[in-house]
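Structure, as structure tokens:
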Amino acid sequence: MPLLDSLREIVGADHVISKPEELLVYECDAYTLEKKLPTAVVLPGGTAEVQAVVRACARHNVPIIPRGAGTSLSGTVLAVTGGIMIALTRMNRIIDLDYANRRAFVEAGCVNAWVTNAVKGHGLFYAPDPSSQPACTIGGNIGTNSGGPHTLKYGVTTNHVLGLEMVLPDGEIVWLGTKPDGGEDVDGYDLRGLAIGSEGMFGIVTRVLLRLVRAPQAFKTMLGVFSTVDEASQTVSDIIEAGIVPGALEMMDQLITQAVEAAYQFGFPLDAGAVLIIELDGLAPGLERQAATVIEICRKNGAREVRLAKSDQERADLWKSRKRAFGAIGRLSPNFITQDGVVPRSKLPEMMRFIGECSRKYGLRIPNVFHAGDGNIHPLVLYDERDADQVRRALGASHDILEKCVELGGSVTGEHGIGVEKIDFMARQFSPDDLEAMRMLRRVFDPEGRCNPHKMFPGSKRCGDFALRKQAAA
Amino acid sequence: MILAGSSVEEVSSALVGLNAKREKISGFDVRAMRRVLEYTPEDMTVSVEAGSTLAQLQTRLAEHRQWLPIDPPRAETLTIGALLAANKSGPRRFGYGTIREHVLGIKVVLADGRVIKAGGKVVKNVAGYDLCKLFAGSHGTVGVIVEATFKVLPRSESELILQRSANKLDELAPLLGQITQTPLTPVVLDLHGTAAGHTLVLGFAGSREDVEWQRERAQTLGINEATTLSYNEVFWEPSEPPQTVSVLPSKVIDSIKSLDARSYVARAGNGVSYFRGGRSQSRPELALSLMRRIKETFDPKGVLPDMPW
């Protein structure tokens, strides 16, 4: 039987998408520089259907590409050479909530924010909170080991996933890590830890056991307004130096603040060089004194103003300004590359100055909104894709910034992943032997290299169209 | 034989030789490698050679009022390599987890002598697969850990350990639910005991105000006797390792009762019990075929110790 007919038989004809115009949605993720249509998209309704789909693809020796909401930013779910995309968006149920043991058991297509929404009445939350959390899925979060503003204190996805069910590329169903009714310690290799951050190259994650965290009793959320990025950076260092670990420590530079202000009118000063959002959380009794210390540190570093959110509404507004920052960029530019790199926190001032130099060198605006506490930068390189020269310059600026991250002892990605976008940087950050060890691990899970192929490793195939453009840019 | 090495190069060339002869080692000793390689207090990260003891590292971090938030027994002799190989933890596990949660990067000599690194030196990094997780908890079966980089934390301003003892475990059982349902945020939530009696231990860490506020709350639950965590060191004094069992935290009381143990220490908040004497417990089924493939891929000539599971 032809593959598509088999797939229709497994999941039902309604859940197989194969018309080119309907496949357009699946031609890329939020990294839009490279696009390619998958052969077809399948929307299975449960683990058994995923298994049958995977087996059918194995029989036909066709690539499989897992996909959640497609919010990833590095082309992680691009169908580089076509293949069957397995979209988990129908498998979005919360299967069980165990408040006593602080666990949530969900299907891989469950939206990140739904988990916290479901348990907040019980004083719990799911900690990893990427900016795309109203849309992105738990399965996708596992693929890229997602972070978010609150990872400084709470850690990333790998610290909050206890176990997961995966359909291996040959169709075998395995459970990795803690089982839903089992104790958290399990013998053997940390297969769950290996699967998290594997960018969908080991198999299809179908169900996930999450760790929930007690919601903080109280928050102190502050907005510090600074004349320069340097002052704000120094404040970040001094807060950490004082032994304070804020729940979140985020920076927005002047261009971002202006764009956010134009879009949403939060009342940000338009001439500020940088603003910091500093959130302390925990038990109420200790927060007053900590907040006073933070305010003092801000003032000492020349803060023009420190605003303390006086209500839940004011706190929510501050966070809205941060989480909607990417959306506000639409006002500044038709296209932008959301870069993602990490430097040791102490190198932040140097890195920010370098980004400024890149902006001048390439003649492009590069606003910054990022996780300052983690040293995780997100320069937004603005360009217009209709102008080939701007595309070339945007790629050049991105490249220089990432090179600098590696040079300063950091990483070319803190949360977006390598995908297709950063393949060329893997050999900068890792030795041939390091990369071979990763390939060895991949062969354990996917000996044929058929699951989400052409990602992460140098020498992978690229989409033809992109290769041409890159060549032209060189 | 035990493979001893005083540098990465030495461990590497020894393994190249062993691999050629297909000679198996039973363990390794890298205690001669004990330098702190890089420590930037401002970045809250530290890189250290695997032969340093945990106690040495903690002493160095304490100079800047920081620590690696992990407290397994016998820190004076426990090397960083051993800490990682067994993914260890201690009484403060409820607050800080096991060492796996704190590793940022790792340098490993593979079975064939190749030296690889995984992860990095920054607190957030998703470039490539998270190979650190392969080696943490691997009991030395897939490579020899020679260096590691950790995320560290500031030391808490204040810490307080309280206990309440009882003859019968059932007297303490209701407290567990009460503690986890109040706003208390303990870093220690342990039970320990013998046939003679049982003790619940509650530890708080944070600002002076936070700890004081929690002390008052604990008092209303009848948990008010100041104590230390020395019971944990005492329990691990015998050289033979205790048995372990891990259950849902809500089932920890039933689990302890069913052990019939001579003595036990339970990380009640995590559902993990360590015990001596008593009945051995069934272990959950593992994805063994994948694990065997890992072992065969990373140690095809069987030079490193066998998988213990």
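Identifiers in this document derive from the order of the structure tokens: chains are assigned A, B, ..., residues are numbered from 1 separately in each chain, and ligands are numbered from 1 in order of occurrence.
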Return as a compact mmCIF listing (two decimals) with N, CA and C atoms, in the first residue's frame the residues belonging to chain B that are within 8 Å of chain A, counting only C-alpha atoms.
# COMPACT_ATOMS: atom_id res chain seq x y z
N PRO B 41 33.15 33.90 41.00
CA PRO B 41 32.01 34.02 41.92
C PRO B 41 30.85 34.81 41.31
N GLU B 42 31.20 35.85 40.54
CA GLU B 42 30.19 36.71 39.94
C GLU B 42 29.29 35.93 38.96
N ASP B 43 29.87 34.91 38.31
CA ASP B 43 29.09 34.11 37.37
C ASP B 43 28.40 32.93 38.05
N ARG B 65 31.16 33.06 50.14
CA ARG B 65 29.82 32.79 50.67
C ARG B 65 28.94 32.07 49.63
N GLU B 101 21.26 18.08 38.65
CA GLU B 101 20.60 19.36 38.40
C GLU B 101 21.60 20.52 38.35
N ARG B 114 39.71 8.67 23.80
CA ARG B 114 39.37 9.99 23.28
C ARG B 114 38.87 10.89 24.41
N VAL B 115 39.28 12.15 24.37
CA VAL B 115 38.84 13.09 25.40
C VAL B 115 37.74 13.96 24.80
N ILE B 116 36.59 13.97 25.44
CA ILE B 116 35.51 14.81 24.93
C ILE B 116 35.00 15.73 26.03
N LYS B 117 34.38 16.83 25.60
CA LYS B 117 33.68 17.65 26.57
C LYS B 117 32.22 17.78 26.14
N ALA B 118 31.37 17.99 27.11
CA ALA B 118 29.95 18.17 26.82
C ALA B 118 29.47 19.35 27.63
N GLY B 120 28.99 23.12 28.77
CA GLY B 120 29.88 24.26 28.68
C GLY B 120 30.08 24.88 30.05
N LYS B 121 30.37 26.19 30.05
CA LYS B 121 30.68 26.86 31.31
C LYS B 121 29.65 27.93 31.66
N VAL B 122 28.60 28.02 30.86
CA VAL B 122 27.58 29.03 31.15
C VAL B 122 26.31 28.36 31.66
N VAL B 123 25.49 29.14 32.39
CA VAL B 123 24.37 28.54 33.11
C VAL B 123 23.22 28.11 32.20
N LYS B 124 23.22 28.59 30.96
CA LYS B 124 22.18 28.15 30.04
C LYS B 124 22.86 27.81 28.72
N ASN B 125 22.55 26.64 28.19
CA ASN B 125 23.29 26.19 27.01
C ASN B 125 22.57 24.99 26.43
N VAL B 126 22.03 25.12 25.23
CA VAL B 126 21.37 23.96 24.62
C VAL B 126 22.01 23.59 23.29
N ALA B 127 23.30 23.93 23.13
CA ALA B 127 24.00 23.55 21.90
C ALA B 127 24.37 22.07 21.95
N GLY B 128 23.83 21.30 21.04
CA GLY B 128 24.14 19.86 21.00
C GLY B 128 23.35 19.09 22.04
N TYR B 129 23.54 17.77 22.01
CA TYR B 129 22.84 16.93 23.00
C TYR B 129 23.41 17.18 24.38
N ASP B 130 22.61 16.91 25.39
CA ASP B 130 23.03 17.13 26.78
C ASP B 130 23.77 15.88 27.28
N LEU B 131 24.99 15.70 26.78
CA LEU B 131 25.76 14.49 27.11
C LEU B 131 26.17 14.43 28.59
N LYS B 133 24.31 14.38 30.92
CA LYS B 133 23.36 13.47 31.56
C LYS B 133 23.74 12.01 31.32
N LEU B 134 24.53 11.74 30.27
CA LEU B 134 24.96 10.36 30.03
C LEU B 134 25.93 9.92 31.13
N PHE B 135 26.80 10.84 31.53
CA PHE B 135 27.86 10.45 32.46
C PHE B 135 27.44 10.60 33.92
N ALA B 136 26.60 11.59 34.23
CA ALA B 136 26.11 11.74 35.60
C ALA B 136 25.23 10.53 35.91
N GLY B 137 25.59 9.77 36.90
CA GLY B 137 24.80 8.59 37.26
C GLY B 137 25.15 7.34 36.49
N SER B 138 26.25 7.38 35.71
CA SER B 138 26.59 6.23 34.86
C SER B 138 27.52 5.23 35.56
N PRO B 154 24.55 31.21 46.21
CA PRO B 154 24.98 31.89 47.43
C PRO B 154 24.57 31.07 48.65
N ARG B 155 25.37 31.10 49.69
CA ARG B 155 24.97 30.43 50.94
C ARG B 155 23.79 31.18 51.52
N GLY B 177 1.81 15.44 55.26
CA GLY B 177 0.80 16.09 54.43
C GLY B 177 0.61 17.55 54.85
N THR B 180 3.52 19.73 53.54
CA THR B 180 3.54 20.02 52.09
C THR B 180 2.33 20.85 51.66
N PRO B 183 2.39 26.86 53.38
CA PRO B 183 3.35 27.60 52.54
C PRO B 183 4.81 27.34 52.90
N SER B 207 16.53 33.82 54.15
CA SER B 207 16.80 35.01 54.93
C SER B 207 16.41 34.77 56.39
N ARG B 208 16.94 35.57 57.28
CA ARG B 208 16.60 35.43 58.71
C ARG B 208 15.09 35.48 58.91
N GLU B 209 14.45 36.43 58.22
CA GLU B 209 13.01 36.59 58.38
C GLU B 209 12.24 35.36 57.92
N ASP B 210 12.65 34.81 56.77
CA ASP B 210 11.98 33.62 56.23
C ASP B 210 12.10 32.44 57.20
N TRP B 213 10.02 32.96 60.39
CA TRP B 213 8.59 32.80 60.10
C TRP B 213 8.23 31.31 59.99
N SER B 246 12.56 3.70 46.05
CA SER B 246 11.99 5.00 45.69
C SER B 246 10.51 4.81 45.34
N VAL B 247 9.65 5.54 46.04
CA VAL B 247 8.20 5.44 45.79
C VAL B 247 7.62 6.84 45.64
N LEU B 248 6.35 6.92 45.30
CA LEU B 248 5.69 8.22 45.30
C LEU B 248 5.81 8.81 46.70
N PRO B 249 6.11 10.11 46.83
CA PRO B 249 6.24 10.70 48.16
C PRO B 249 5.01 10.43 49.05
N SER B 250 3.82 10.39 48.46
CA SER B 250 2.62 10.17 49.27
C SER B 250 2.57 8.74 49.83
N ASN B 270 10.92 13.34 48.92
CA ASN B 270 11.19 12.79 47.60
C ASN B 270 10.71 11.35 47.45
N GLY B 271 10.30 10.72 48.58
CA GLY B 271 9.85 9.33 48.51
C GLY B 271 10.97 8.31 48.41
N VAL B 272 12.20 8.73 48.76
CA VAL B 272 13.35 7.83 48.62
C VAL B 272 13.82 7.38 50.00
N PRO B 284 11.80 -0.94 39.52
CA PRO B 284 10.99 -0.76 38.32
C PRO B 284 11.71 -1.25 37.07
N LEU B 286 13.29 -1.28 33.44
CA LEU B 286 14.06 -0.23 32.76
C LEU B 286 14.04 -0.44 31.25
N ALA B 287 14.36 0.62 30.53
CA ALA B 287 14.52 0.52 29.08
C ALA B 287 15.90 -0.09 28.82
N LEU B 290 17.89 -0.14 25.31
CA LEU B 290 18.56 1.13 24.99
C LEU B 290 19.85 1.28 25.81
N MET B 291 19.76 0.90 27.09
CA MET B 291 20.93 1.07 27.96
C MET B 291 22.07 0.17 27.50
N ARG B 293 22.57 -0.80 24.48
CA ARG B 293 23.12 -0.22 23.25
C ARG B 293 24.06 0.94 23.57
N ILE B 294 23.71 1.71 24.59
CA ILE B 294 24.61 2.81 25.00
C ILE B 294 25.95 2.24 25.44
N THR B 297 27.93 0.93 22.55
CA THR B 297 28.40 1.99 21.66
C THR B 297 29.58 2.75 22.26
N PHE B 298 29.51 3.01 23.56
CA PHE B 298 30.54 3.83 24.19
C PHE B 298 31.70 3.01 24.76
N MET B 307 27.74 -2.47 33.58
CA MET B 307 26.57 -1.78 34.11
C MET B 307 26.12 -2.51 35.37
N TRP B 309 23.21 -2.50 36.67
CA TRP B 309 21.77 -2.74 36.71
C TRP B 309 21.35 -3.71 35.62
Residue list (helix (DSSP H, G or I), DSSP) for stretch 259-455 of chain A, as a PyMOL selection string: chain A and resi 259-264+284-300+312-323+325-331+345-362+372-374+388-407+423-429+432-445
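Across the structure, atom CA of B:Ser26 and atom CA of B:Ser12 are spaced 16.3 Å apart.
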B:Ala85 environment, 10 Å, only C-alpha atoms, sequence neighbours closer than 3 positions dropped, as a VMD selection string: chain B and resid 79 to 82 88 99 to 100 134 to 141 143 to 145
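Going from atom CA of A:Glu350 to atom CA of A:Ser398 covers 16.4 Å.
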DSSP strand (DSSP E) selection over stretch 199-296 of chain B, as a ChimeraX atom specification: /B:199-206,225-226,243-246,263-267,272-276
Applying 6 Å and only C-alpha atoms, which residues near B:Ile2 remain after dropping the ones on its own chain fewer than 3 positions away? List them as a compact mmCIF listing (two decimals) with N, CA and C atoms, in the first residue's frame.
# COMPACT_ATOMS: atom_id res chain seq x y z
N ILE B 25 39.00 -2.81 33.44
CA ILE B 25 39.33 -2.22 34.74
C ILE B 25 38.11 -2.32 35.65
N SER B 26 38.37 -2.34 36.96
CA SER B 26 37.24 -2.44 37.90
C SER B 26 36.87 -1.07 38.44
N GLY B 27 37.75 -0.09 38.23
CA GLY B 27 37.45 1.25 38.71
C GLY B 27 38.60 2.16 38.36
N PHE B 28 38.51 3.45 38.77
CA PHE B 28 39.62 4.35 38.49
C PHE B 28 39.82 5.30 39.66
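Close contacts of B:Asp170, defined as residues with an atom at most 10 Å away when counting only C-alpha atoms, with chain neighbours fewer than 6 positions off set aside, comprise His198, Ile253, Asp254 and Lys257 of chain B.
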Please produce a file of the residues just selected, as an mmCIF file, in the first residue's frame, where the atoms kept are N, CA and C atoms.
data_model
loop_
_atom_site.group_PDB
_atom_site.id
_atom_site.type_symbol
_atom_site.label_atom_id
_atom_site.label_comp_id
_atom_site.auth_asym_id
_atom_site.auth_seq_id
_atom_site.Cartn_x
_atom_site.Cartn_y
_atom_site.Cartn_z
ATOM 1 N N HIS B 198 11.156 6.855 65.831
ATOM 2 C CA HIS B 198 11.238 7.535 64.543
ATOM 3 C C HIS B 198 11.344 9.039 64.755
ATOM 4 N N ILE B 253 5.350 6.576 53.864
ATOM 5 C CA ILE B 253 5.117 5.968 55.177
ATOM 6 C C ILE B 253 4.869 4.462 55.029
ATOM 7 N N ASP B 254 3.961 4.110 54.109
ATOM 8 C CA ASP B 254 3.679 2.687 53.863
ATOM 9 C C ASP B 254 4.942 1.956 53.431
ATOM 10 N N LYS B 257 7.212 1.302 56.391
ATOM 11 C CA LYS B 257 6.661 0.220 57.229
ATOM 12 C C LYS B 257 6.937 -1.150 56.616
#
